[in-house]
Amino acid sequence: METWKKILSQSVTDTDQLAKIFGLPPDELRRVNAIFPCRIPKTILKRIKYAGDPIFKQCIPAPAELHSDNDLMDDPLGEIRFKKRDVIVKKYPDRCLFLVSGECAMYCRFCTRKRKFRESFNVTRTQIDEGLDYIAKHTELRDVLISGGDPLLLDDDKLEYILKNIRLRAPHIRIIRIGTRTPGVLPERITAKLVKMLKKYHPLYLNIHFNHPEEFSPQCCRALRRLADAGIVLGSQTVLLKGVNDDPEVMRELMWKLLENRVRPYYIFQCDLIYGTEHFRTPLKKGMEIMKALRGWSSGMANPHFVIDLPGGGGKVPVVPEYLIDQQHSGFLYRNYCGEEYFYPDCE
C-alpha cells in the first residue's frame with residue numbers, strides 16, 4: 001500500500017493535465033492557477049464521477065474565481081488584525097489559533113485562507129517556538145486550536161513536539177483541538193503510529209471537514225474509525241456551498257453519514273467573504289431553510305449550529321430560523337418544525 005507521503009508527492013498541480021482529463025479549456029485553467037494554484041491527490045481525482053460533481057467543484061480551479069464581488073476580501077476573518085505572533089491569532093478571551101503548517105493535502109477552492117495560495121507560507125521551528133512561548137505565558141488561555149494549512153501534514157515527531165510542549169509548558173490549557181481535512185482527502189495519513197501518538201495528549205479533539213456525503217470513501221471511514229477507537233473526539237465543520245450541498249436532502253444525508261462514522265456535526269458555516277469564492281455563496285435564507293429541514297426531521301445530534309464568521313474578525317454568531325410567532329403577557333406562541341402552532345405558558 002502506498003504511503004501518505006508518496007500519495008501526496010504525486011498530487012496533481014498541472015492544470016493542463018486536468019484540462020485533458022475533464023475536457024476543460026486549458027487557457028482558462030492556467031489563468032486561475034497562476035493566482036490560485038491547485039493541488040489534488042490522485043486518489044481524490046479518481047473519486048470524481050463527472051465534471052461539475054460535488055467533489056470536482058471543491059478542488060478543480062474555476063474561471064469564476066477571478067471574478068469577485070466588491071464585498072469580498074483577502075482576510076475576511078481579521079486574522080491579520082488579531083495576529084499576536086507570526087503563528088498565533090487571538091480573537092477570543094480564552095483561546096487562540098496556532099498556525100503550525102503551511103501545507104494542505106488539497107487546496108479547497110473556497111478556503112478562508114485562500115490568500116495564502118498566493119504567498120509563501122512556510123512555518124519555521126523558530127516561529128513554532130515563539131508560538132509555544134506565547135501560549136505558555138498567557139495563562140488566560142484554556143483552549144488551543146492547532147491549524148494551518150493542515151497540522152497533520154507535519155511529520156509525527158514535529159507534531160508531537162508541539163503537543164508535548166503545550167502539555168508540559170502550559171498546564172492552564174484544558175483542551176487541544178486540531179483542525180484537519182486529512183481524513184476526507186488523505187485518509188492514508190491516519191496511520192496507527194500517528195493515532196498512538198495522539199492518544200497520549202488527551203483531552204484531544206479533531207475538528208474535521210466534510211461537505212458532501214460522497215466524500216465518505218471506505219478508506220475515509222476506516223480512518224475515522226481508527227481515530228474514534230483511540231478516544232479522540234471528532235466534530236465536523238461543513239461549509240455551505242452553492243452547487244455542492246445547498247440542498248436539504250444532501251445536507252441531511254451528510255449529517256447522518258457523519259454520525260454513522262462517530263463524528264458529531266458541529267458547525268455549518270455560511271461561506272466566508274473570501275476573494276475568489278463568489279460563485280460558492282448562497283443567501284442566508286438558504287442556510288435557514290436547510291436548518292429547518294434538519295430540525296425535527298432528524299435527531300438533535302444531526303443538527304449542527306449554522307453560523308456566520310463575521311467579517312473583520314467579529315467572531316462566530318449563530319443564525320437560527322424563527323420559531324417564535326408572538327410574545328404575550330402569559331407566555332409565548334411558537335411554530336414547530338411541522339408548521340403547527342403551540343402556546344408555551346411562562347412563569348412569573
# chains A, B, ... in the order shown; residues from 1 in each chain; ligands from 1

call {"tool": "select_by_dssp", "arguments": {"residues": "segment 166-249 of chain A", "states": "alpha helix (DSSP H)", "output": "list in words"}}
result
Ile166, Arg167, Leu168, Arg169, Thr182, Pro183, Gly184, Val185, Ala192, Lys193, Leu194, Val195, Lys196, Met197, Leu198, Pro218, Gln219, Cys220, Cys221, Arg222, Ala223, Leu224, Arg225, Arg226, Leu227, Ala228, Asp229, Pro248 and Glu249 of chain A

call {"tool": "select_by_dssp", "arguments": {"residues": "segment 141-231 of chain A", "states": "strand (DSSP E)", "output": "list in words"}}
result
Asp143, Val144, Leu145, Ile146, Ser147, Ile175, Ile176, Arg177, Ile178, Gly179, Thr180, Leu204, Tyr205, Leu206, Asn207, Ile208 and His209 of chain A

call {"tool": "write_last_selection", "arguments": {"atoms": "all heavy atoms", "output": "compact mmCIF listing (two decimals), in the first residue's frame"}}
result
# COMPACT_ATOMS: atom_id res chain seq x y z
N ASP A 143 -7.79 26.90 25.77
CA ASP A 143 -8.10 26.09 24.60
C ASP A 143 -7.23 26.57 23.44
O ASP A 143 -7.16 27.77 23.18
CB ASP A 143 -9.60 26.28 24.30
CG ASP A 143 -10.09 25.61 23.02
OD1 ASP A 143 -9.29 25.08 22.25
OD2 ASP A 143 -11.32 25.66 22.79
N VAL A 144 -6.54 25.63 22.79
CA VAL A 144 -5.71 25.97 21.63
C VAL A 144 -6.23 25.18 20.44
O VAL A 144 -6.39 23.95 20.52
CB VAL A 144 -4.23 25.63 21.87
CG1 VAL A 144 -3.42 25.83 20.60
CG2 VAL A 144 -3.66 26.49 22.99
N LEU A 145 -6.47 25.88 19.34
CA LEU A 145 -6.83 25.24 18.08
C LEU A 145 -5.60 25.24 17.18
O LEU A 145 -5.14 26.30 16.75
CB LEU A 145 -7.99 25.97 17.40
CG LEU A 145 -8.35 25.51 15.99
CD1 LEU A 145 -8.69 24.02 15.95
CD2 LEU A 145 -9.51 26.33 15.42
N ILE A 146 -5.08 24.06 16.91
CA ILE A 146 -3.90 23.91 16.06
C ILE A 146 -4.38 23.76 14.62
O ILE A 146 -5.15 22.85 14.30
CB ILE A 146 -3.06 22.70 16.49
CG1 ILE A 146 -2.57 22.89 17.93
CG2 ILE A 146 -1.88 22.50 15.56
CD1 ILE A 146 -1.85 21.68 18.50
N SER A 147 -3.95 24.68 13.77
CA SER A 147 -4.43 24.69 12.39
C SER A 147 -3.29 25.03 11.46
O SER A 147 -2.13 24.89 11.79
CB SER A 147 -5.61 25.67 12.28
OG SER A 147 -6.22 25.60 11.01
N ILE A 175 -7.91 21.95 26.90
CA ILE A 175 -8.08 21.05 25.75
C ILE A 175 -7.25 21.56 24.57
O ILE A 175 -6.96 22.75 24.46
CB ILE A 175 -9.56 20.91 25.32
CG1 ILE A 175 -10.13 22.25 24.85
CG2 ILE A 175 -10.41 20.30 26.41
CD1 ILE A 175 -11.46 22.12 24.13
N ILE A 176 -6.90 20.61 23.72
CA ILE A 176 -6.23 20.93 22.46
C ILE A 176 -7.12 20.44 21.34
O ILE A 176 -7.62 19.30 21.37
CB ILE A 176 -4.85 20.24 22.37
CG1 ILE A 176 -3.92 20.73 23.49
CG2 ILE A 176 -4.20 20.52 21.00
CD1 ILE A 176 -2.61 19.96 23.57
N ARG A 177 -7.32 21.31 20.35
CA ARG A 177 -8.07 20.92 19.16
C ARG A 177 -7.14 20.98 17.95
O ARG A 177 -6.25 21.83 17.88
CB ARG A 177 -9.26 21.85 18.93
CG ARG A 177 -10.35 21.75 19.96
CD ARG A 177 -11.47 22.74 19.68
NE ARG A 177 -11.07 24.11 19.96
CZ ARG A 177 -11.62 25.17 19.38
NH1 ARG A 177 -12.57 25.03 18.46
NH2 ARG A 177 -11.22 26.39 19.69
N ILE A 178 -7.34 20.07 17.02
CA ILE A 178 -6.59 20.06 15.77
C ILE A 178 -7.58 20.16 14.62
O ILE A 178 -8.53 19.38 14.54
CB ILE A 178 -5.75 18.77 15.62
CG1 ILE A 178 -4.70 18.69 16.73
CG2 ILE A 178 -5.07 18.73 14.25
CD1 ILE A 178 -3.90 17.38 16.72
N GLY A 179 -7.38 21.15 13.76
CA GLY A 179 -8.22 21.29 12.57
C GLY A 179 -7.56 20.61 11.39
O GLY A 179 -6.42 20.92 11.04
N THR A 180 -8.27 19.67 10.77
CA THR A 180 -7.67 18.90 9.68
C THR A 180 -8.72 18.46 8.68
O THR A 180 -9.88 18.22 9.04
CB THR A 180 -6.93 17.67 10.21
OG1 THR A 180 -6.36 16.93 9.13
CG2 THR A 180 -7.87 16.75 11.00
N LEU A 204 -8.08 15.54 23.67
CA LEU A 204 -7.72 15.99 22.33
C LEU A 204 -8.93 15.86 21.42
O LEU A 204 -9.60 14.82 21.41
CB LEU A 204 -6.57 15.13 21.80
CG LEU A 204 -5.95 15.56 20.48
CD1 LEU A 204 -5.19 16.87 20.62
CD2 LEU A 204 -5.01 14.48 19.96
N TYR A 205 -9.20 16.91 20.68
CA TYR A 205 -10.35 16.95 19.77
C TYR A 205 -9.84 17.18 18.35
O TYR A 205 -8.91 17.96 18.14
CB TYR A 205 -11.30 18.09 20.14
CG TYR A 205 -11.99 17.91 21.48
CD1 TYR A 205 -11.29 18.05 22.68
CD2 TYR A 205 -13.34 17.61 21.54
CE1 TYR A 205 -11.92 17.89 23.90
CE2 TYR A 205 -13.98 17.46 22.77
CZ TYR A 205 -13.27 17.60 23.94
OH TYR A 205 -13.89 17.43 25.14
N LEU A 206 -10.50 16.54 17.40
CA LEU A 206 -10.20 16.80 15.99
C LEU A 206 -11.41 17.46 15.34
O LEU A 206 -12.51 16.91 15.35
CB LEU A 206 -9.87 15.49 15.24
CG LEU A 206 -8.41 15.37 14.78
CD1 LEU A 206 -7.50 15.31 15.99
CD2 LEU A 206 -8.21 14.15 13.92
N ASN A 207 -11.19 18.67 14.82
CA ASN A 207 -12.21 19.34 14.02
C ASN A 207 -11.95 18.98 12.57
O ASN A 207 -10.97 19.43 11.97
CB ASN A 207 -12.12 20.87 14.17
CG ASN A 207 -12.50 21.34 15.56
OD1 ASN A 207 -13.00 20.56 16.37
ND2 ASN A 207 -12.29 22.59 15.84
N ILE A 208 -12.79 18.13 12.01
CA ILE A 208 -12.58 17.67 10.64
C ILE A 208 -13.61 18.30 9.73
O ILE A 208 -14.52 19.00 10.19
CB ILE A 208 -12.59 16.13 10.57
CG1 ILE A 208 -13.88 15.56 11.16
CG2 ILE A 208 -11.41 15.56 11.32
CD1 ILE A 208 -13.94 14.07 11.18
N HIS A 209 -13.48 18.09 8.44
CA HIS A 209 -14.21 18.90 7.47
C HIS A 209 -14.76 18.02 6.35
O HIS A 209 -14.00 17.42 5.60
CB HIS A 209 -13.23 19.94 6.90
CG HIS A 209 -13.85 20.92 5.98
ND1 HIS A 209 -13.32 22.16 5.74
CD2 HIS A 209 -14.96 20.87 5.19
CE1 HIS A 209 -14.05 22.81 4.86
NE2 HIS A 209 -15.06 22.03 4.52

call {"tool": "residues_around", "arguments": {"residues": "segment 217-225 of chain A", "least_positions_apart": "3", "cutoff": "7 Å", "atoms": "only C-alpha atoms", "output": "list in words"}}
result
Pro183, Gly184, Pro187, Ile190, Ala228, Asp229 and Asn261 of chain A

call {"tool": "write_last_selection", "arguments": {"atoms": "C-alpha atoms", "output": "PDB file, in the first residue's frame"}}
result
ATOM      1  CA  PRO A 183      -9.481  12.040   6.987  1.00  0.00           C
ATOM      2  CA  GLY A 184     -11.517  13.030   3.920  1.00  0.00           C
ATOM      3  CA  PRO A 187      -7.084   9.227   4.840  1.00  0.00           C
ATOM      4  CA  ILE A 190      -4.255   8.460   9.698  1.00  0.00           C
ATOM      5  CA  ALA A 228     -12.668   7.301  17.285  1.00  0.00           C
ATOM      6  CA  ASP A 229     -11.411   3.973  18.658  1.00  0.00           C
ATOM      7  CA  ASN A 261     -18.901   7.377  11.484  1.00  0.00           C
TER       8      ASN A 261
END

call {"tool": "closest_residue", "arguments": {"among": "A:Tyr107, A:Tyr323, A:Tyr201, A:Tyr161", "to": "Arg125 of chain A", "atoms": "only C-alpha atoms"}}
result
A:Tyr161

call {"tool": "atom_distance", "arguments": {"atom1": "atom CA of Glu65 of chain A", "atom2": "atom CA of Gly23 of chain A"}}
result
18.8 Å

call {"tool": "residues_around", "arguments": {"residues": "Phe98 of chain A", "least_positions_apart": "4", "cutoff": "12 Å", "atoms": "only C-alpha atoms", "output": "number ranges by chain"}}
result
A: 79, 83-91, 102, 123, 127-135, 143-151, 162-163, 166, 176-179

call {"tool": "write_last_selection", "arguments": {"atoms": "N, CA, C and O atoms", "output": "short mmCIF file (atom, residue, chain, number, x, y, z; two decimals), in the first residue's frame"}}
result
data_model
loop_
_atom_site.label_atom_id
_atom_site.label_comp_id
_atom_site.auth_asym_id
_atom_site.auth_seq_id
_atom_site.Cartn_x
_atom_site.Cartn_y
_atom_site.Cartn_z
N GLU A 79 -7.72 37.78 10.60
CA GLU A 79 -6.61 37.07 11.24
C GLU A 79 -5.35 37.92 11.30
O GLU A 79 -4.56 37.80 12.24
N LYS A 83 -3.49 39.07 14.89
CA LYS A 83 -2.25 38.29 14.99
C LYS A 83 -1.42 38.77 16.17
O LYS A 83 -1.15 39.96 16.31
N LYS A 84 -1.01 37.83 17.03
CA LYS A 84 -0.19 38.15 18.20
C LYS A 84 1.27 37.76 17.98
O LYS A 84 2.17 38.36 18.55
N ARG A 85 1.48 36.72 17.24
CA ARG A 85 2.79 36.28 16.79
C ARG A 85 2.63 35.85 15.33
O ARG A 85 1.52 35.79 14.84
N ASP A 86 3.72 35.51 14.66
CA ASP A 86 3.60 35.09 13.26
C ASP A 86 2.61 33.94 13.10
O ASP A 86 1.95 33.83 12.07
N VAL A 87 2.52 33.09 14.12
CA VAL A 87 1.68 31.89 14.00
C VAL A 87 0.55 31.85 15.03
O VAL A 87 -0.12 30.82 15.16
N ILE A 88 0.32 32.93 15.75
CA ILE A 88 -0.73 32.98 16.78
C ILE A 88 -1.76 34.04 16.41
O ILE A 88 -1.43 35.19 16.14
N VAL A 89 -3.04 33.64 16.41
CA VAL A 89 -4.16 34.56 16.24
C VAL A 89 -5.06 34.42 17.47
O VAL A 89 -5.44 33.32 17.84
N LYS A 90 -5.38 35.55 18.11
CA LYS A 90 -6.22 35.50 19.31
C LYS A 90 -7.36 36.50 19.17
O LYS A 90 -7.15 37.71 19.26
N LYS A 91 -8.56 35.99 18.95
CA LYS A 91 -9.76 36.84 18.83
C LYS A 91 -10.68 36.71 20.03
O LYS A 91 -11.55 37.56 20.24
N GLY A 102 2.02 25.20 6.78
CA GLY A 102 1.62 25.97 5.61
C GLY A 102 1.22 25.10 4.45
O GLY A 102 1.10 25.59 3.32
N VAL A 123 6.22 27.53 7.78
CA VAL A 123 6.31 27.76 9.22
C VAL A 123 7.63 27.18 9.71
O VAL A 123 7.92 26.01 9.51
N GLN A 127 9.40 30.02 14.61
CA GLN A 127 8.04 30.52 14.75
C GLN A 127 7.20 29.61 15.65
O GLN A 127 6.39 30.10 16.46
N ILE A 128 7.40 28.31 15.51
CA ILE A 128 6.70 27.36 16.38
C ILE A 128 7.06 27.61 17.84
O ILE A 128 6.20 27.67 18.73
N ASP A 129 8.34 27.79 18.11
CA ASP A 129 8.79 28.03 19.48
C ASP A 129 8.25 29.35 20.02
O ASP A 129 7.90 29.46 21.21
N GLU A 130 8.17 30.37 19.17
CA GLU A 130 7.57 31.64 19.59
C GLU A 130 6.10 31.46 19.94
O GLU A 130 5.60 32.06 20.90
N GLY A 131 5.40 30.62 19.15
CA GLY A 131 4.00 30.35 19.44
C GLY A 131 3.84 29.60 20.74
O GLY A 131 2.94 29.91 21.56
N LEU A 132 4.68 28.61 20.98
CA LEU A 132 4.63 27.84 22.23
C LEU A 132 4.92 28.74 23.43
O LEU A 132 4.29 28.61 24.49
N ASP A 133 5.86 29.66 23.26
CA ASP A 133 6.20 30.59 24.34
C ASP A 133 5.02 31.50 24.66
O ASP A 133 4.72 31.77 25.83
N TYR A 134 4.32 31.96 23.63
CA TYR A 134 3.14 32.81 23.83
C TYR A 134 2.07 32.05 24.62
O TYR A 134 1.49 32.57 25.58
N ILE A 135 1.81 30.82 24.21
CA ILE A 135 0.78 30.01 24.88
C ILE A 135 1.16 29.76 26.33
O ILE A 135 0.32 29.82 27.23
N ASP A 143 -7.79 26.90 25.77
CA ASP A 143 -8.10 26.09 24.60
C ASP A 143 -7.23 26.57 23.44
O ASP A 143 -7.16 27.77 23.18
N VAL A 144 -6.54 25.63 22.79
CA VAL A 144 -5.71 25.97 21.63
C VAL A 144 -6.23 25.18 20.44
O VAL A 144 -6.39 23.95 20.52
N LEU A 145 -6.47 25.88 19.34
CA LEU A 145 -6.83 25.24 18.08
C LEU A 145 -5.60 25.24 17.18
O LEU A 145 -5.14 26.30 16.75
N ILE A 146 -5.08 24.06 16.91
CA ILE A 146 -3.90 23.91 16.06
C ILE A 146 -4.38 23.76 14.62
O ILE A 146 -5.15 22.85 14.30
N SER A 147 -3.95 24.68 13.77
CA SER A 147 -4.43 24.69 12.39
C SER A 147 -3.29 25.03 11.46
O SER A 147 -2.13 24.89 11.79
N GLY A 148 -3.62 25.50 10.24
CA GLY A 148 -2.57 25.81 9.28
C GLY A 148 -3.13 26.51 8.05
O GLY A 148 -3.90 27.46 8.18
N GLY A 149 -2.84 25.99 6.87
CA GLY A 149 -2.52 24.65 6.41
C GLY A 149 -3.18 23.55 7.24
O GLY A 149 -4.17 23.75 7.91
N ASP A 150 -2.58 22.37 7.13
CA ASP A 150 -3.11 21.20 7.83
C ASP A 150 -2.04 20.65 8.75
O ASP A 150 -0.99 20.18 8.30
N PRO A 151 -2.28 20.69 10.07
CA PRO A 151 -1.27 20.21 11.02
C PRO A 151 -0.88 18.75 10.81
O PRO A 151 0.25 18.35 11.11
N ILE A 162 5.02 19.78 19.25
CA ILE A 162 4.07 20.85 19.56
C ILE A 162 3.13 20.42 20.69
O ILE A 162 2.94 21.14 21.68
N LEU A 163 2.55 19.23 20.56
CA LEU A 163 1.60 18.75 21.57
C LEU A 163 2.26 18.58 22.92
O LEU A 163 1.73 18.99 23.96
N ILE A 166 3.02 21.96 24.60
CA ILE A 166 1.81 22.60 25.14
C ILE A 166 1.46 21.96 26.47
O ILE A 166 1.18 22.65 27.47
N ILE A 176 -6.90 20.61 23.72
CA ILE A 176 -6.23 20.93 22.46
C ILE A 176 -7.12 20.44 21.34
O ILE A 176 -7.62 19.30 21.37
N ARG A 177 -7.32 21.31 20.35
CA ARG A 177 -8.07 20.92 19.16
C ARG A 177 -7.14 20.98 17.95
O ARG A 177 -6.25 21.83 17.88
N ILE A 178 -7.34 20.07 17.02
CA ILE A 178 -6.59 20.06 15.77
C ILE A 178 -7.58 20.16 14.62
O ILE A 178 -8.53 19.38 14.54
N GLY A 179 -7.38 21.15 13.76
CA GLY A 179 -8.22 21.29 12.57
C GLY A 179 -7.56 20.61 11.39
O GLY A 179 -6.42 20.92 11.04
#

call {"tool": "residues_around", "arguments": {"residues": "segment 29-44 of chain A", "least_positions_apart": "3", "cutoff": "8 Å", "atoms": "only C-alpha atoms", "output": "PyMOL selection string"}}
result
chain A and resi 7-8+10-16+19+24-26+47-48+59-63+65-66+105-107+114+117-118+185-186

call {"tool": "write_last_selection", "arguments": {"atoms": "N, CA, C and O atoms", "output": "short mmCIF file (atom, residue, chain, number, x, y, z; two decimals), in the first residue's frame"}}
result
data_model
loop_
_atom_site.label_atom_id
_atom_site.label_comp_id
_atom_site.auth_asym_id
_atom_site.auth_seq_id
_atom_site.Cartn_x
_atom_site.Cartn_y
_atom_site.Cartn_z
N ILE A 7 1.61 9.36 -1.86
CA ILE A 7 0.36 9.84 -2.47
C ILE A 7 0.38 11.36 -2.59
O ILE A 7 0.01 11.94 -3.61
N LEU A 8 0.85 12.02 -1.52
CA LEU A 8 0.90 13.48 -1.52
C LEU A 8 1.88 13.99 -2.59
O LEU A 8 1.59 14.96 -3.29
N GLN A 10 2.57 12.75 -5.35
CA GLN A 10 2.05 12.51 -6.70
C GLN A 10 0.80 13.35 -6.99
O GLN A 10 0.15 13.16 -8.02
N SER A 11 0.49 14.30 -6.11
CA SER A 11 -0.69 15.15 -6.31
C SER A 11 -0.59 15.91 -7.62
O SER A 11 0.50 16.29 -8.07
N VAL A 12 -1.74 16.16 -8.22
CA VAL A 12 -1.80 16.87 -9.49
C VAL A 12 -1.81 18.38 -9.23
O VAL A 12 -2.65 18.89 -8.49
N THR A 13 -0.85 19.06 -9.84
CA THR A 13 -0.78 20.52 -9.76
C THR A 13 -0.77 21.15 -11.15
O THR A 13 -0.78 22.37 -11.27
N ASP A 14 -0.74 20.32 -12.17
CA ASP A 14 -0.66 20.77 -13.57
C ASP A 14 -2.07 20.89 -14.14
O ASP A 14 -2.77 19.89 -14.32
N THR A 15 -2.49 22.12 -14.42
CA THR A 15 -3.86 22.31 -14.92
C THR A 15 -4.05 21.78 -16.34
O THR A 15 -5.17 21.46 -16.72
N ASP A 16 -2.97 21.66 -17.12
CA ASP A 16 -3.10 21.08 -18.45
C ASP A 16 -3.53 19.62 -18.35
O ASP A 16 -4.31 19.13 -19.17
N ALA A 19 -7.21 19.71 -17.57
CA ALA A 19 -7.97 20.07 -18.77
C ALA A 19 -8.15 18.86 -19.68
O ALA A 19 -9.22 18.66 -20.26
N LEU A 24 -11.63 20.44 -20.30
CA LEU A 24 -11.80 21.84 -19.94
C LEU A 24 -10.87 22.73 -20.76
O LEU A 24 -9.82 22.27 -21.22
N PRO A 25 -11.19 24.03 -20.90
CA PRO A 25 -10.33 24.95 -21.64
C PRO A 25 -9.01 25.16 -20.89
O PRO A 25 -9.00 25.74 -19.79
N PRO A 26 -7.88 24.73 -21.44
CA PRO A 26 -6.61 24.81 -20.70
C PRO A 26 -6.18 26.24 -20.39
O PRO A 26 -5.62 26.50 -19.32
N ARG A 47 -12.08 9.78 -7.57
CA ARG A 47 -13.42 9.72 -7.00
C ARG A 47 -14.39 10.70 -7.65
O ARG A 47 -15.58 10.71 -7.34
N ILE A 48 -13.87 11.56 -8.55
CA ILE A 48 -14.75 12.48 -9.28
C ILE A 48 -15.48 11.71 -10.37
O ILE A 48 -14.86 11.07 -11.22
N CYS A 59 -12.38 21.13 -5.73
CA CYS A 59 -10.93 21.04 -5.91
C CYS A 59 -10.41 21.49 -7.27
O CYS A 59 -9.21 21.77 -7.40
N ILE A 60 -11.25 21.58 -8.30
CA ILE A 60 -10.80 21.94 -9.64
C ILE A 60 -10.90 23.46 -9.82
O ILE A 60 -11.95 24.04 -9.56
N PRO A 61 -9.84 24.14 -10.27
CA PRO A 61 -9.91 25.59 -10.49
C PRO A 61 -11.04 25.95 -11.45
O PRO A 61 -11.31 25.24 -12.41
N ALA A 62 -11.69 27.09 -11.16
CA ALA A 62 -12.81 27.56 -11.98
C ALA A 62 -12.57 29.01 -12.38
O ALA A 62 -12.12 29.82 -11.55
N PRO A 63 -12.86 29.39 -13.63
CA PRO A 63 -12.70 30.79 -14.07
C PRO A 63 -13.43 31.78 -13.17
O PRO A 63 -13.00 32.94 -13.03
N GLU A 65 -13.36 32.08 -10.17
CA GLU A 65 -12.52 32.52 -9.06
C GLU A 65 -11.86 33.87 -9.33
O GLU A 65 -11.41 34.55 -8.40
N LEU A 66 -11.78 34.26 -10.59
CA LEU A 66 -11.15 35.53 -10.96
C LEU A 66 -12.15 36.67 -11.07
O LEU A 66 -11.77 37.79 -11.39
N ALA A 105 -3.20 19.01 2.02
CA ALA A 105 -3.22 17.88 1.09
C ALA A 105 -3.95 18.24 -0.19
O ALA A 105 -3.61 17.77 -1.27
N MET A 106 -4.99 19.08 -0.07
CA MET A 106 -5.76 19.53 -1.22
C MET A 106 -6.09 21.00 -1.02
O MET A 106 -6.46 21.41 0.08
N TYR A 107 -5.96 21.79 -2.07
CA TYR A 107 -6.30 23.20 -1.99
C TYR A 107 -7.78 23.36 -2.31
O TYR A 107 -8.19 23.32 -3.47
N LYS A 114 -7.51 31.55 1.48
CA LYS A 114 -7.15 31.46 0.07
C LYS A 114 -6.04 32.45 -0.30
O LYS A 114 -5.30 32.22 -1.26
N PHE A 117 -2.67 30.97 -0.81
CA PHE A 117 -2.31 30.27 -2.05
C PHE A 117 -1.24 31.08 -2.80
O PHE A 117 -0.44 30.54 -3.54
N ARG A 118 -1.30 32.42 -2.61
CA ARG A 118 -0.53 33.30 -3.46
C ARG A 118 0.80 33.73 -2.82
O ARG A 118 1.50 34.56 -3.36
N VAL A 185 -9.59 13.78 2.62
CA VAL A 185 -8.85 13.96 1.36
C VAL A 185 -7.54 13.20 1.31
O VAL A 185 -6.98 12.99 0.23
N LEU A 186 -7.02 12.78 2.46
CA LEU A 186 -5.80 11.97 2.50
C LEU A 186 -5.89 11.01 3.69
O LEU A 186 -5.10 11.07 4.63
#

call {"tool": "closest_residue", "arguments": {"among": "A:Tyr92, A:Phe332, A:Phe22, A:Trp4", "to": "Glu140 of chain A", "atoms": "only C-alpha atoms"}}
result
A:Tyr92

call {"tool": "atom_distance", "arguments": {"atom1": "atom CA of Leu77 of chain A", "atom2": "atom CA of Thr139 of chain A"}}
result
24.4 Å
